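*Asks:* The structure is given below, and queries will be raised subsequently.
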Amino acid sequence: MEAYETNMDALYQEIILDHYRNPHGRGLRDPYEAEVHHVNPTCGDEITLRVHLDGDRVADVSYAAEGCSISQASASVLNDLVIGRTVDEAMGLLDDFTELMQGRGKVVPDDDPRRDRLEDGIAFAGVAQFPARIKCALLSWMAWKDATAQAFTDHSTSDQGENE
Amino acid sequence: MTTLPDAAQSPAPQPGAPSGYDVTRIREDFPILARRMAGDLPLVYLDSANTSQKPTAVIDTLDDHYRQHNANVARAMHQLGAEATGAFEDGRTKLATFIGANRREEVVFTKNASEALNLVARVLGDAGRVGEGNDVVITEMEHHSNIVPWQLLTERTGATLRWFGITDEGRLDLDQLEQLITERTAVVSLTWVSNMLGTINPLETIIQRAHGVGALVVVDASQAVPQLPVDVAALGADFVAFTGHKMVGPTGIGVLWGRYDLLAELPPFLGGGEMIETVTMERSTFAPPPSRYEAGTPPIAQAVGLGAAADYLSAIGMHNVAAHEREITAYALERLQEIDGLTVVGPKDAEMRGGAVSFTVDGVHPHDVAQLLDSRGVAVRAGHHCAKPAHLRFGVQSTTRASFYLYTTTSDIDALVDALNHTKTYFGA
């Protein structure tokens, strides 16, 4: 059995607590192409998240969320990271972040190649040591992925409509 | 095997504890309570409303069953089969005695309390006892397992689901009694002790009203049977559901107690082995209760283990367990409310209250509270505790819940309070 991590500072990095206390980009805004509501059924954390795309670029991600420090900070970091990127770039960041969460806490943030790409997001490396909290960190990212997929589907459907 | 606490020999009862109640000695019966957690910290287990820990008497009974007597029941024509069948049925008898059932056949083994409640809801619908024009009445403080089966039943049958609200203090709003429970009411189903608020509900009042209008009463006793003396015959309800693992028994077994005449009249729940009288390719006839409701191989070792759990609790005495629970809860309520920014959600004093205390801490989310407490070896639950409507009623999405049992000490509560103060400091709350 692996040693159970009880060093709270590994989980609650100062960067995470800063984002929790002062979340970036919070609130629901117009315009948007897709809105989703995601819930973590085991604990009840929830997020309503909207995506606004400008062509293949993420123009805005706005959200209203209720949950723990990890889920709130993660939504704030997501907001910082994906706005202004192309959807492909942002999906690449989602992959990086998901891999980080699956790293079982073995990731050394300072040496990790994802550090430059994930910016403040690298602070979540420690969350992977707490299996019960991984879902908290991923809640907003999964909502964003879902909303973006829906925005694309609706967008291409309406494009087709116009072409006919 | 473990020796049970003997009141006469108890050397040093805790001040104010029920006479002869020696919690130190009781703790020795629960091996897990001696565990050291990460950082070599002692375990402070305050999550017994979630699941209770198991005494050596139960662990050894399970072990002995599998090592010495394992066989299927009611169908194996050999010595082990006879032993296993005997032990399984002894488990039923012990449970019947423990809850004061008039007949052992009134005890139906299920896999948990949820299945017991689903069983009742399903067969009442199948029997046509709930239909259009009927109401099913529940309460806002139910665990999801006593909400969802009734939603499914009313959707299936066209009946209407209604519910009691909760007062600000966390009690059932009995002002609604006569408007809610009427001639239309077919079933009233409610919890005896709330798993979130801790509230003990006035069952007598509800049962009297319900029976007065000809409605059946189902009681979710999942939090009650572990901590209160229970006499189902005297209670007067029609069905009582509870689970084994919260009363120092194994997981994988629950109990539905039902009035025999009802069980004898209602149709089966699941079809399969052991629930039939005879089967042809066209149709089947069904066994009398309890077998009618126990399709397939039952939880055999679990029933034997649960019988040992009932014996263990009986030897201590449920009145003593209840008195200890009440005393620890009173102490916890007092200590917790000394903490600035901590709000107890539910009744604030130990009167008509069980040993689960849910609370919020200003500025710290319950998951973060639970995480910090865990880093100090203090195990609690955080979240909605499968009671989302009750949380919504109090305008909170989730709470932290500390819950107590026969092995909980005042020093466990002190450790909780210390860890909560540490949590507040850590988060600057």
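Please note that chains go A, B, ... in the order of the structure tokens, that every chain numbers its residues from 1, and that ligands are numbered from 1 in the order shown.
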Can you list every residue in stretch 20-130 of chain A that DSSP puts in helix (DSSP H, G or I), as a PyMOL selection string?
*Replies:* chain A and resi 20-21+69-82+87-101+109-111+115-129
*Asks:* Would you kindly report the residues of chain A within 10 Å of chain B, using only C-alpha atoms, as an NGL selection string?
*Replies:* :A and (3-9 or 11-12 or 17 or 21 or 41-46 or 66-70 or 130 or 132-133 or 136)
*Asks:* Any idea what the distance is between atom CA of B:Ala224 and atom CA of B:Gly354?
*Replies:* 7.9 Å
*Asks:* So how many Å separate atom CA of B:Phe359 and atom CA of B:Val230, to one decimal?
*Replies:*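 Separation between atom CA of B:Phe359 and atom CA of B:Val230: 27.9 Å.
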*Asks:* Could you check the closest approach to B:Val417 for each of B:Ile181, B:Val44, B:Gly165, B:Ile99 and tell me which residue wins, using only C-alpha atoms?
*Replies:*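 Closest candidate: B:Val44.
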*Asks:* Could you give me, as JSON, numbers by chain, the residues within 9 Å of B:Arg27, counting only C-alpha atoms and dropping anything in the same chain fewer than 6 positions from it?
*Replies:* {"B": [33, 34, 55, 406, 407, 408]}
*Asks:* List the spatial neighbours of A:Leu78 as number ranges by chain - criterion: any atom at most 9 Å away, only C-alpha atoms, same-chain residues fewer than 2 positions off excluded.
*Replies:* A: 61, 73-76, 80-83, 94, 121, 140-141, 144
*Asks:* For B:Pro202, please output as a VMD selection string all residues within 9 Å (counting only C-alpha atoms; exclusion window: fewer than 2 positions along the same chain).
*Replies:* chain B and resid 172 192 200 204 to 207 352
*Asks:* Let's have the selection written as a tab-separated table (two decimals), in the first residue's frame, with C-alpha atoms.
*Replies:*
chain	number	residue	atom	x	y	z
B	172	LEU	CA	-40.98	17.85	10.88
B	192	TRP	CA	-37.25	7.54	12.30
B	200	ILE	CA	-35.84	11.89	15.90
B	204	GLU	CA	-46.51	7.82	17.21
B	205	THR	CA	-48.31	10.97	16.04
B	206	ILE	CA	-47.76	10.15	12.37
B	207	ILE	CA	-48.74	6.50	12.70
B	352	MET	CA	-35.21	13.96	20.54
*Asks:* Write out as a short mmCIF file (atom, residue, chain, number, x, y, z; two decimals) with N, CA and C atoms, in the first residue's frame each polymer residue whose atoms come within 12 Å of stretch 276-290 of chain B, counting only C-alpha atoms; drop sequence neighbours fewer than 4 positions from it.
*Replies:*
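Result saved to out08.cif:
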data_model
loop_
_atom_site.label_atom_id
_atom_site.label_comp_id
_atom_site.auth_asym_id
_atom_site.auth_seq_id
_atom_site.Cartn_x
_atom_site.Cartn_y
_atom_site.Cartn_z
N GLU B 89 -30.91 -19.25 9.79
CA GLU B 89 -32.24 -19.05 10.39
C GLU B 89 -32.14 -18.56 11.84
N ARG B 92 -32.00 -14.94 11.68
CA ARG B 92 -33.33 -14.34 11.53
C ARG B 92 -34.02 -14.24 12.90
N ARG B 103 -43.29 -12.39 15.16
CA ARG B 103 -42.95 -13.67 14.53
C ARG B 103 -41.64 -13.53 13.77
N ARG B 104 -40.83 -14.58 13.78
CA ARG B 104 -39.56 -14.53 13.06
C ARG B 104 -39.77 -14.44 11.55
N GLU B 105 -40.93 -14.93 11.07
CA GLU B 105 -41.22 -14.88 9.63
C GLU B 105 -41.48 -13.45 9.15
N GLU B 106 -41.56 -12.51 10.08
CA GLU B 106 -41.75 -11.11 9.69
C GLU B 106 -40.43 -10.44 9.30
N VAL B 107 -39.33 -11.15 9.50
CA VAL B 107 -38.02 -10.59 9.17
C VAL B 107 -37.59 -11.10 7.79
N VAL B 108 -37.54 -10.18 6.83
CA VAL B 108 -37.10 -10.50 5.47
C VAL B 108 -35.70 -9.95 5.29
N PHE B 109 -34.77 -10.81 4.84
CA PHE B 109 -33.41 -10.33 4.58
C PHE B 109 -33.32 -9.77 3.16
N THR B 110 -32.75 -8.59 3.07
CA THR B 110 -32.53 -7.93 1.78
C THR B 110 -31.03 -7.64 1.70
N VAL B 255 -32.61 -5.46 6.41
CA VAL B 255 -33.80 -6.14 6.93
C VAL B 255 -35.04 -5.35 6.55
N LEU B 256 -36.03 -6.07 6.07
CA LEU B 256 -37.37 -5.50 6.01
C LEU B 256 -38.21 -6.26 7.01
N TRP B 257 -38.69 -5.55 8.03
CA TRP B 257 -39.70 -6.15 8.89
C TRP B 257 -41.05 -5.71 8.34
N GLY B 258 -41.98 -6.66 8.25
CA GLY B 258 -43.33 -6.32 7.81
C GLY B 258 -44.35 -7.06 8.66
N ARG B 259 -45.51 -6.46 8.84
CA ARG B 259 -46.61 -7.13 9.54
C ARG B 259 -46.93 -8.41 8.79
N TYR B 260 -47.08 -9.52 9.50
CA TYR B 260 -47.18 -10.81 8.81
C TYR B 260 -48.36 -10.87 7.86
N ASP B 261 -49.50 -10.35 8.27
CA ASP B 261 -50.67 -10.45 7.40
C ASP B 261 -50.45 -9.71 6.08
N LEU B 262 -49.70 -8.62 6.13
CA LEU B 262 -49.40 -7.88 4.89
C LEU B 262 -48.42 -8.66 4.02
N LEU B 263 -47.36 -9.16 4.66
CA LEU B 263 -46.37 -9.93 3.90
C LEU B 263 -47.03 -11.15 3.25
N ALA B 264 -48.00 -11.74 3.95
CA ALA B 264 -48.66 -12.95 3.44
C ALA B 264 -49.57 -12.63 2.27
N GLU B 265 -50.02 -11.40 2.18
CA GLU B 265 -51.00 -11.01 1.18
C GLU B 265 -50.35 -10.41 -0.07
N LEU B 266 -49.20 -9.74 0.12
CA LEU B 266 -48.58 -9.01 -0.99
C LEU B 266 -47.85 -9.96 -1.95
N PRO B 267 -47.72 -9.52 -3.21
CA PRO B 267 -47.06 -10.36 -4.21
C PRO B 267 -45.53 -10.33 -4.06
N PRO B 268 -44.84 -11.23 -4.79
CA PRO B 268 -43.38 -11.27 -4.70
C PRO B 268 -42.73 -10.01 -5.24
N PHE B 269 -41.45 -9.85 -4.93
CA PHE B 269 -40.64 -8.73 -5.41
C PHE B 269 -39.78 -9.24 -6.57
N LEU B 270 -38.72 -9.95 -6.26
CA LEU B 270 -37.88 -10.55 -7.31
C LEU B 270 -38.27 -12.01 -7.46
N GLY B 271 -38.21 -12.51 -8.71
CA GLY B 271 -38.50 -13.92 -8.95
C GLY B 271 -37.22 -14.72 -9.01
N GLY B 272 -37.26 -15.98 -8.61
CA GLY B 272 -36.06 -16.81 -8.70
C GLY B 272 -36.13 -18.00 -7.77
N GLU B 294 -37.32 -13.46 -0.76
CA GLU B 294 -35.86 -13.69 -0.71
C GLU B 294 -35.43 -14.59 -1.86
N ALA B 295 -35.56 -14.09 -3.08
CA ALA B 295 -35.19 -14.86 -4.26
C ALA B 295 -33.67 -15.07 -4.32
N GLY B 296 -33.27 -16.28 -4.68
CA GLY B 296 -31.84 -16.55 -4.88
C GLY B 296 -31.13 -16.84 -3.58
N PRO B 298 -29.40 -16.23 -0.41
CA PRO B 298 -29.44 -15.02 0.43
C PRO B 298 -28.04 -14.68 0.96
#
*Asks:* Could you tell me how far atom CA of B:Leu152 lies from atom CA of B:Val136, in Å and to one decimal?
*Replies:*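 Those two atoms sit 11.2 Å apart.
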*Asks:* Just want the 7 Å neighbourhood of stretch 137-150 of chain B, counted on only C-alpha atoms, with same-chain residues fewer than 3 positions away dropped. Output as a PDB file with N, CA and C atoms, in the first residue's frame.
*Replies:*
ATOM      1  N   SER B 114     -31.978   0.208   1.323  1.00  0.00           N
ATOM      2  CA  SER B 114     -32.516   0.693   0.044  1.00  0.00           C
ATOM      3  C   SER B 114     -33.349  -0.391  -0.630  1.00  0.00           C
ATOM      4  N   LEU B 117     -36.689  -0.842   1.122  1.00  0.00           N
ATOM      5  CA  LEU B 117     -37.666   0.211   0.806  1.00  0.00           C
ATOM      6  C   LEU B 117     -38.190   0.053  -0.627  1.00  0.00           C
ATOM      7  N   ASN B 118     -37.300  -0.289  -1.541  1.00  0.00           N
ATOM      8  CA  ASN B 118     -37.735  -0.532  -2.921  1.00  0.00           C
ATOM      9  C   ASN B 118     -38.689  -1.714  -3.004  1.00  0.00           C
ATOM     10  N   ALA B 121     -42.131  -0.515  -1.880  1.00  0.00           N
ATOM     11  CA  ALA B 121     -42.741   0.375  -2.876  1.00  0.00           C
ATOM     12  C   ALA B 121     -43.191  -0.426  -4.097  1.00  0.00           C
ATOM     13  N   LEU B 153     -42.551   4.844  -7.805  1.00  0.00           N
ATOM     14  CA  LEU B 153     -43.875   4.231  -7.626  1.00  0.00           C
ATOM     15  C   LEU B 153     -44.989   5.167  -8.090  1.00  0.00           C
ATOM     16  N   THR B 154     -44.912   6.430  -7.688  1.00  0.00           N
ATOM     17  CA  THR B 154     -46.002   7.348  -8.041  1.00  0.00           C
ATOM     18  C   THR B 154     -46.002   7.630  -9.540  1.00  0.00           C
ATOM     19  N   LEU B 161     -47.171  12.263  -5.213  1.00  0.00           N
ATOM     20  CA  LEU B 161     -46.199  12.280  -4.124  1.00  0.00           C
ATOM     21  C   LEU B 161     -46.315  13.607  -3.372  1.00  0.00           C
ATOM     22  N   ARG B 162     -46.464  13.531  -2.074  1.00  0.00           N
ATOM     23  CA  ARG B 162     -46.523  14.740  -1.246  1.00  0.00           C
ATOM     24  C   ARG B 162     -45.521  14.583  -0.104  1.00  0.00           C
ATOM     25  N   TRP B 163     -45.177  15.685   0.557  1.00  0.00           N
ATOM     26  CA  TRP B 163     -44.180  15.563   1.615  1.00  0.00           C
ATOM     27  C   TRP B 163     -44.343  16.620   2.684  1.00  0.00           C
ATOM     28  N   PHE B 164     -43.904  16.216   3.892  1.00  0.00           N
ATOM     29  CA  PHE B 164     -43.820  17.139   5.021  1.00  0.00           C
ATOM     30  C   PHE B 164     -42.614  18.048   4.827  1.00  0.00           C
ATOM     31  N   GLY B 165     -42.760  19.318   5.167  1.00  0.00           N
ATOM     32  CA  GLY B 165     -41.623  20.230   5.202  1.00  0.00           C
ATOM     33  C   GLY B 165     -40.905  20.115   6.538  1.00  0.00           C
ATOM     34  N   ILE B 166     -39.866  20.900   6.679  1.00  0.00           N
ATOM     35  CA  ILE B 166     -39.049  20.886   7.897  1.00  0.00           C
ATOM     36  C   ILE B 166     -39.064  22.284   8.500  1.00  0.00           C
ATOM     37  N   VAL B 187     -49.965   5.500   1.485  1.00  0.00           N
ATOM     38  CA  VAL B 187     -48.745   5.148   2.209  1.00  0.00           C
ATOM     39  C   VAL B 187     -48.102   6.406   2.779  1.00  0.00           C
ATOM     40  N   VAL B 188     -47.627   6.299   4.009  1.00  0.00           N
ATOM     41  CA  VAL B 188     -46.761   7.335   4.585  1.00  0.00           C
ATOM     42  C   VAL B 188     -45.424   6.654   4.859  1.00  0.00           C
ATOM     43  N   SER B 189     -44.347   7.210   4.311  1.00  0.00           N
ATOM     44  CA  SER B 189     -43.031   6.610   4.543  1.00  0.00           C
ATOM     45  C   SER B 189     -42.088   7.678   5.062  1.00  0.00           C
ATOM     46  N   LEU B 190     -41.495   7.424   6.211  1.00  0.00           N
ATOM     47  CA  LEU B 190     -40.624   8.452   6.802  1.00  0.00           C
ATOM     48  C   LEU B 190     -39.514   7.841   7.615  1.00  0.00           C
ATOM     49  N   THR B 191     -38.497   8.671   7.804  1.00  0.00           N
ATOM     50  CA  THR B 191     -37.360   8.215   8.590  1.00  0.00           C
ATOM     51  C   THR B 191     -37.653   8.374  10.075  1.00  0.00           C
ATOM     52  N   SER B 194     -33.190  11.143  11.375  1.00  0.00           N
ATOM     53  CA  SER B 194     -32.594  11.704  10.160  1.00  0.00           C
ATOM     54  C   SER B 194     -31.087  11.476  10.134  1.00  0.00           C
ATOM     55  N   CYS B 386     -26.574  12.003   0.859  1.00  0.00           N
ATOM     56  CA  CYS B 386     -27.739  11.394   0.201  1.00  0.00           C
ATOM     57  C   CYS B 386     -29.036  12.025   0.716  1.00  0.00           C
ATOM     58  N   ALA B 387     -28.976  13.292   1.067  1.00  0.00           N
ATOM     59  CA  ALA B 387     -30.178  14.011   1.499  1.00  0.00           C
ATOM     60  C   ALA B 387     -30.137  15.402   0.873  1.00  0.00           C
ATOM     61  N   PRO B 389     -32.481  17.167  -0.812  1.00  0.00           N
ATOM     62  CA  PRO B 389     -33.594  18.076  -0.490  1.00  0.00           C
ATOM     63  C   PRO B 389     -33.478  18.704   0.897  1.00  0.00           C
ATOM     64  N   ALA B 390     -32.999  17.960   1.874  1.00  0.00           N
ATOM     65  CA  ALA B 390     -32.857  18.516   3.224  1.00  0.00           C
ATOM     66  C   ALA B 390     -31.794  19.612   3.241  1.00  0.00           C
TER      67      ALA B 390
END
*Asks:* Where in stretch 314-389 of chain B does DSSP assign strand (DSSP E or B), given as a PyMOL selection string?
*Replies:* chain B and resi 342-345+353+356-361+364+378-379+381-383
*Asks:* With C-alpha atoms kept, could you save the residues just selected as a CSV table (one decimal), in the first residue's frame?
*Replies:*
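After the write, selection.csv holds the following:
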chain,number,residue,atom,x,y,z
B,342,LEU,CA,-19.6,26.9,13.0
B,343,THR,CA,-23.3,26.4,12.4
B,344,VAL,CA,-25.1,23.2,13.3
B,345,VAL,CA,-27.8,22.3,10.7
B,353,ARG,CA,-32.0,13.8,18.6
B,356,ALA,CA,-25.3,12.6,13.7
B,357,VAL,CA,-24.4,16.3,13.7
B,358,SER,CA,-24.1,18.1,10.4
B,359,PHE,CA,-22.5,21.6,10.3
B,360,THR,CA,-21.0,24.3,8.2
B,361,VAL,CA,-17.9,26.3,8.9
B,364,VAL,CA,-14.3,26.7,4.4
B,378,VAL,CA,-10.3,12.4,12.2
B,379,ALA,CA,-12.7,10.6,9.8
B,381,ARG,CA,-18.3,12.6,6.0
B,382,ALA,CA,-18.7,15.7,3.8
B,383,GLY,CA,-21.2,16.2,1.1
